[in-house]
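K.L.:
Pasting a structure below so you can have a look.
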2 protein chains.
Amino acid sequence: MTDTVLSSATREVVIGSGRPFVIIGERINPTGRKKLAEEMKAGDFSTVMTDALAQVGAGAQMLDVNAGIPLADEPAILAETIKLVQSLTDVPLSIDSSIVAALEAGLAVYQGKPLVNSVTGEDERLEQVLPLVAKYGAAVVAITNDETGISEDPDVRFAIAKKIVRHAADHGIGPEDIVVDPLVMPIGAIGTAGRQVFTLVRRLNEELGVNTTCGASNVSFGLPNRNALNGAFLSMAIASGMTSAITSPLHGEVRAAVMAADVMMGNDQDCGAWIASFREQPTGSAGGRRGGREGRRRAVTEAGEASPPS
Amino acid sequence: MTDTVLSSATREVVIGSGRPFVIIGERINPTGRKKLAEEMKAGDFSTVMTDALAQVGAGAQMLDVNAGIPLADEPAILAETIKLVQSLTDVPLSIDSSIVAALEAGLAVYQGKPLVNSVTGEDERLEQVLPLVAKYGAAVVAITNDETGISEDPDVRFAIAKKIVRHAADHGIGPEDIVVDPLVMPIGAIGTAGRQVFTLVRRLNEELGVNTTCGASNVSFGLPNRNALNGAFLSMAIASGMTSAITSPLHGEVRAAVMAADVMMGNDQDCGAWIASFREQPTGSAGGRRGGREGRRRAVTEAGEASPPS
């Protein structure tokens, strides 16, 4: 079992198959959020602050931070956002940008060991991002597309992951610092999207020894009752070996599905987080927001801390 | 992919990995239901009737029928219950008893091809039940315990399944007519219970070519918010290859988890059952009982009918 260790200045979080699943909160991202984009561009970080605290309160063990705003100074805004979020919470961050200069600006101000989101299998991208990851001692999300786009063939996506792992080794980055995203396609458009991911996650784990992550919400694009679909997808991905996801912990169904999957994988010690979250509720009710937050915090605090691999 | 074909007088249902998951309704069972036991013993089948119709309405493609009442004439009551349920619904039945004479009484009156629930790896039980299954052309649930009880070692349970398949072959019963129950232990007591089942289901499918089932509710015994745990467990078991379960479709979370898992496995054609169930609801709501019933019925009718293996 491979452990990927991330940290802030004061806390470590470990992604690994014998541990609670790591939710990387997806909300701090202006893509498709016009109001947030305008705020961030104008130097107003109030929504960023609210989103950071709400996601950590709801059980996110890490936060993804993206400042992709058209016609803005993305490196400067990303660095400022990271400093702010690190001053508010102690969870490790995922530094998310498609612009290499923004990744570097974020890495330069980050305290601890972050996740760099992301590198792809494109040669140019590999040669730009991997040296940064090595220089700052970070870990990196490896997305399984390349110059030819996203293949519908899982074998092609696996081959790209293998290529990234090989190139990373040339830069001194081991598989324990690579978290592969097998790419989740909308199931409403591609009926095999789920099975593809489950099979890929298993192979990535068994054959490459890497941890995995994904943008889970994409699977339900265009369908009704998305939270129930996202929750079931995550449970099934966890059963297949997935160890983290960039998603929103603010949806009760998604959070409960992940917590239940931790129970089923034997990764919620004595079912402690589950019992703490739900024991005051009548059987069969769905919510438990306050209990859920406390329970999840407890899971993060007790089980998500770095400790020797078991 | 193995297809297990069950039937009533007028309908076929197929259990198989390329098809919607088959829920076998668990409610018609007096074990632990004192009032129902008293009613059935006194010849009052009103609750049986209600339970049969409610479960089929909620999406059960099959019903389990058990008449295990202490100090009662179980063979006679089981036969009468089966005749009654077959007069009310057209779903195939699982004839459930630990008494061989009751299984035979049920088989004698059953119209179609039922599931016999169950045989174990005990030599005496194998020699009593398998000839009955062969005589009546039924399929059989194979439970992976033997004279020594239930092993906590998944390899032992796999070996018992293999033994049952071998003995069945001696009676002319092929693997397509054996549905193995890997035995689900309470996760609150045995932290590895989930991983054991997921691993076993995969092996049973890949190495023995058999379909699988389980009493899913047992996994959450003693824990709060059982429906959320049962739903996540079923999604994860389906991702591992499980193809049916004896459970209750009356809980919205369990039903939604199974339907979502069918979507994720690509077994809900064009997401038709999911969309029919949930399209009128605001995103994120949990219920949809009427829609759920209609959608599930549609799934049963369109996709659950027998057709050539794909």
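Following the order of the structure tokens, chains are lettered A, B, ..., residues in each are numbered from 1, and ligands are numbered from 1.
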Please run DSSP on the backbone and report, as a ChimeraX atom specification, all residues within region 4-110 of chain A that come out as helix (DSSP H, G or I).
P.N.:
/A:34-41,46-57,74-88,100-109
K.L.:
Can I get the selection written as a CSV table (one decimal), in the first residue's frame, with N, CA and C atoms?
P.N.:
chain,number,residue,atom,x,y,z
A,34,LYS,N,-19.3,33.1,-11.9
A,34,LYS,CA,-19.0,34.4,-12.4
A,34,LYS,C,-18.8,35.4,-11.2
A,35,LYS,N,-19.6,35.3,-10.2
A,35,LYS,CA,-19.6,36.2,-9.1
A,35,LYS,C,-18.2,36.0,-8.3
A,36,LEU,N,-17.9,34.8,-8.1
A,36,LEU,CA,-16.6,34.5,-7.4
A,36,LEU,C,-15.4,35.0,-8.2
A,37,ALA,N,-15.5,34.8,-9.5
A,37,ALA,CA,-14.4,35.3,-10.4
A,37,ALA,C,-14.2,36.8,-10.2
A,38,GLU,N,-15.4,37.5,-10.3
A,38,GLU,CA,-15.3,39.0,-10.2
A,38,GLU,C,-14.8,39.4,-8.8
A,39,GLU,N,-15.2,38.7,-7.8
A,39,GLU,CA,-14.7,39.0,-6.4
A,39,GLU,C,-13.2,38.9,-6.3
A,40,MET,N,-12.8,37.7,-6.7
A,40,MET,CA,-11.3,37.4,-6.6
A,40,MET,C,-10.5,38.4,-7.4
A,41,LYS,N,-11.0,38.7,-8.6
A,41,LYS,CA,-10.2,39.6,-9.5
A,41,LYS,C,-10.1,41.0,-8.8
A,46,SER,N,-13.9,37.2,0.4
A,46,SER,CA,-14.9,36.8,1.4
A,46,SER,C,-15.5,35.4,1.1
A,47,THR,N,-15.9,35.2,-0.2
A,47,THR,CA,-16.5,33.9,-0.6
A,47,THR,C,-15.4,32.8,-0.5
A,48,VAL,N,-14.2,33.1,-0.8
A,48,VAL,CA,-13.1,32.1,-0.6
A,48,VAL,C,-13.0,31.7,0.8
A,49,MET,N,-13.1,32.7,1.7
A,49,MET,CA,-13.0,32.4,3.1
A,49,MET,C,-14.1,31.5,3.6
A,50,THR,N,-15.3,31.9,3.2
A,50,THR,CA,-16.5,31.1,3.6
A,50,THR,C,-16.4,29.7,3.0
A,51,ASP,N,-16.0,29.6,1.8
A,51,ASP,CA,-16.0,28.2,1.2
A,51,ASP,C,-14.9,27.4,1.8
A,52,ALA,N,-13.8,28.0,2.2
A,52,ALA,CA,-12.7,27.2,2.8
A,52,ALA,C,-13.2,26.7,4.2
A,53,LEU,N,-13.8,27.5,5.0
A,53,LEU,CA,-14.2,27.1,6.3
A,53,LEU,C,-15.3,26.1,6.3
A,54,ALA,N,-16.3,26.3,5.4
A,54,ALA,CA,-17.4,25.4,5.3
A,54,ALA,C,-17.0,24.0,4.8
A,55,GLN,N,-16.1,24.0,3.9
A,55,GLN,CA,-15.7,22.6,3.4
A,55,GLN,C,-14.9,21.9,4.4
A,56,VAL,N,-14.0,22.6,5.1
A,56,VAL,CA,-13.2,21.9,6.2
A,56,VAL,C,-14.2,21.5,7.3
A,57,GLY,N,-15.1,22.3,7.6
A,57,GLY,CA,-16.1,22.0,8.6
A,57,GLY,C,-16.9,20.8,8.2
A,74,GLU,N,-3.4,35.7,-12.9
A,74,GLU,CA,-3.6,34.5,-12.2
A,74,GLU,C,-2.5,34.1,-11.2
A,75,PRO,N,-1.2,34.2,-11.6
A,75,PRO,CA,-0.2,33.8,-10.6
A,75,PRO,C,-0.3,34.7,-9.3
A,76,ALA,N,-0.5,35.9,-9.4
A,76,ALA,CA,-0.6,36.8,-8.2
A,76,ALA,C,-1.9,36.4,-7.4
A,77,ILE,N,-3.0,36.3,-8.1
A,77,ILE,CA,-4.2,36.0,-7.4
A,77,ILE,C,-4.2,34.6,-6.7
A,78,LEU,N,-3.6,33.6,-7.4
A,78,LEU,CA,-3.5,32.2,-6.8
A,78,LEU,C,-2.6,32.3,-5.6
A,79,ALA,N,-1.4,33.0,-5.7
A,79,ALA,CA,-0.5,33.1,-4.5
A,79,ALA,C,-1.2,33.8,-3.3
A,80,GLU,N,-2.0,34.8,-3.6
A,80,GLU,CA,-2.7,35.5,-2.5
A,80,GLU,C,-3.8,34.6,-1.9
A,81,THR,N,-4.5,33.9,-2.8
A,81,THR,CA,-5.5,33.0,-2.3
A,81,THR,C,-4.9,31.9,-1.4
A,82,ILE,N,-3.8,31.4,-1.8
A,82,ILE,CA,-3.2,30.3,-1.0
A,82,ILE,C,-2.7,30.8,0.3
A,83,LYS,N,-2.1,32.0,0.3
A,83,LYS,CA,-1.7,32.6,1.6
A,83,LYS,C,-2.9,32.8,2.6
A,84,LEU,N,-4.0,33.3,2.0
A,84,LEU,CA,-5.2,33.5,2.8
A,84,LEU,C,-5.7,32.2,3.4
A,85,VAL,N,-5.9,31.2,2.5
A,85,VAL,CA,-6.5,29.9,2.9
A,85,VAL,C,-5.6,29.3,4.0
A,86,GLN,N,-4.3,29.4,3.8
A,86,GLN,CA,-3.4,28.8,4.8
A,86,GLN,C,-3.4,29.5,6.1
A,87,SER,N,-3.8,30.8,6.1
A,87,SER,CA,-3.9,31.5,7.3
A,87,SER,C,-5.2,31.2,8.1
A,88,LEU,N,-6.2,30.6,7.3
A,88,LEU,CA,-7.5,30.3,7.9
A,88,LEU,C,-7.6,28.9,8.4
A,100,VAL,N,1.6,27.3,-15.9
A,100,VAL,CA,2.7,26.9,-15.1
A,100,VAL,C,3.2,28.0,-14.2
A,101,ALA,N,3.2,29.2,-14.7
A,101,ALA,CA,3.7,30.3,-13.8
A,101,ALA,C,2.8,30.5,-12.6
A,102,ALA,N,1.5,30.2,-12.7
A,102,ALA,CA,0.7,30.3,-11.5
A,102,ALA,C,1.0,29.2,-10.5
A,103,LEU,N,1.2,28.0,-11.1
A,103,LEU,CA,1.7,26.9,-10.2
A,103,LEU,C,2.9,27.3,-9.4
A,104,GLU,N,3.9,27.9,-10.1
A,104,GLU,CA,5.1,28.2,-9.5
A,104,GLU,C,4.9,29.3,-8.4
A,105,ALA,N,4.1,30.3,-8.7
A,105,ALA,CA,3.8,31.4,-7.8
A,105,ALA,C,3.1,30.8,-6.5
A,106,GLY,N,2.2,29.8,-6.7
A,106,GLY,CA,1.6,29.2,-5.6
A,106,GLY,C,2.6,28.4,-4.8
A,107,LEU,N,3.4,27.6,-5.4
A,107,LEU,CA,4.4,26.8,-4.7
A,107,LEU,C,5.4,27.7,-3.9
A,108,ALA,N,5.7,28.8,-4.5
A,108,ALA,CA,6.7,29.7,-3.8
A,108,ALA,C,6.2,30.2,-2.5
A,109,VAL,N,4.9,30.4,-2.3
A,109,VAL,CA,4.3,30.9,-1.1
A,109,VAL,C,3.8,29.8,-0.1
K.L.:
Could you name the residues that touch Gly172 (chain A) at 12 Å or less, counting only C-alpha atoms, but leaving out those on the same chain fewer than 2 positions away, as a PyMOL selection string?
P.N.:
chain A and resi 130-139+165-170+174-178
K.L.:
Within 7 Å of chain A, which residues of chain B show up when using only C-alpha atoms, listed as JSON, numbers by chain?
P.N.:
{"B": [187, 188, 191, 192, 194, 195, 223, 224, 225, 226, 227, 229, 232, 233, 235, 236, 239, 257, 260, 261, 264, 265, 266, 270, 271, 275, 278, 279, 283, 284, 285]}
K.L.:
Can you list, as a list of chain:residue names, every residue of region 5-67 of chain B that DSSP puts in strand (DSSP E or B)?
P.N.:
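Strand (DSSP E or B) assignments inside region 5-67 of chain B correspond to B:Val5, B:Leu6, B:Ser7, B:Glu12, B:Val13, B:Val14, B:Ile15, B:Val22, B:Ile23, B:Ile24, B:Gly25, B:Glu26, B:Arg27, B:Ile28, B:Met62, B:Leu63, B:Asp64, B:Val65, B:Asn66.
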K.L.:
I need the residues from that last selection saved to file as an mmCIF file, in the first residue's frame (with C-alpha atoms), if you can.
P.N.:
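Result went into result-v6.cif, see below:
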data_model
loop_
_atom_site.group_PDB
_atom_site.id
_atom_site.type_symbol
_atom_site.label_atom_id
_atom_site.label_comp_id
_atom_site.auth_asym_id
_atom_site.auth_seq_id
_atom_site.Cartn_x
_atom_site.Cartn_y
_atom_site.Cartn_z
ATOM 1 C CA VAL B 5 -32.733 -17.640 -15.434
ATOM 2 C CA LEU B 6 -35.630 -17.804 -12.963
ATOM 3 C CA SER B 7 -39.312 -17.785 -13.829
ATOM 4 C CA GLU B 12 -38.649 -14.686 -16.620
ATOM 5 C CA VAL B 13 -36.046 -12.748 -14.638
ATOM 6 C CA VAL B 14 -32.333 -13.093 -15.354
ATOM 7 C CA ILE B 15 -29.558 -12.605 -12.808
ATOM 8 C CA VAL B 22 -31.887 -8.193 -9.019
ATOM 9 C CA ILE B 23 -33.461 -7.297 -5.677
ATOM 10 C CA ILE B 24 -35.062 -10.327 -4.026
ATOM 11 C CA GLY B 25 -37.533 -8.881 -1.513
ATOM 12 C CA GLU B 26 -36.768 -10.147 1.996
ATOM 13 C CA ARG B 27 -39.940 -9.198 3.857
ATOM 14 C CA ILE B 28 -42.037 -12.380 3.661
ATOM 15 C CA MET B 62 -38.134 -11.502 -7.125
ATOM 16 C CA LEU B 63 -39.516 -12.312 -3.665
ATOM 17 C CA ASP B 64 -38.068 -14.563 -0.984
ATOM 18 C CA VAL B 65 -40.736 -16.606 0.807
ATOM 19 C CA ASN B 66 -39.991 -18.098 4.223
#
K.L.:
Need the shell around Val116 (chain B): protein/DNA/RNA residues with any atom at most 7 Å away, counting only C-alpha atoms. Skip same-chain ones fewer than 3 positions apart. Format as a PyMOL selection string?
P.N.:
chain B and resi 94-96+138-141
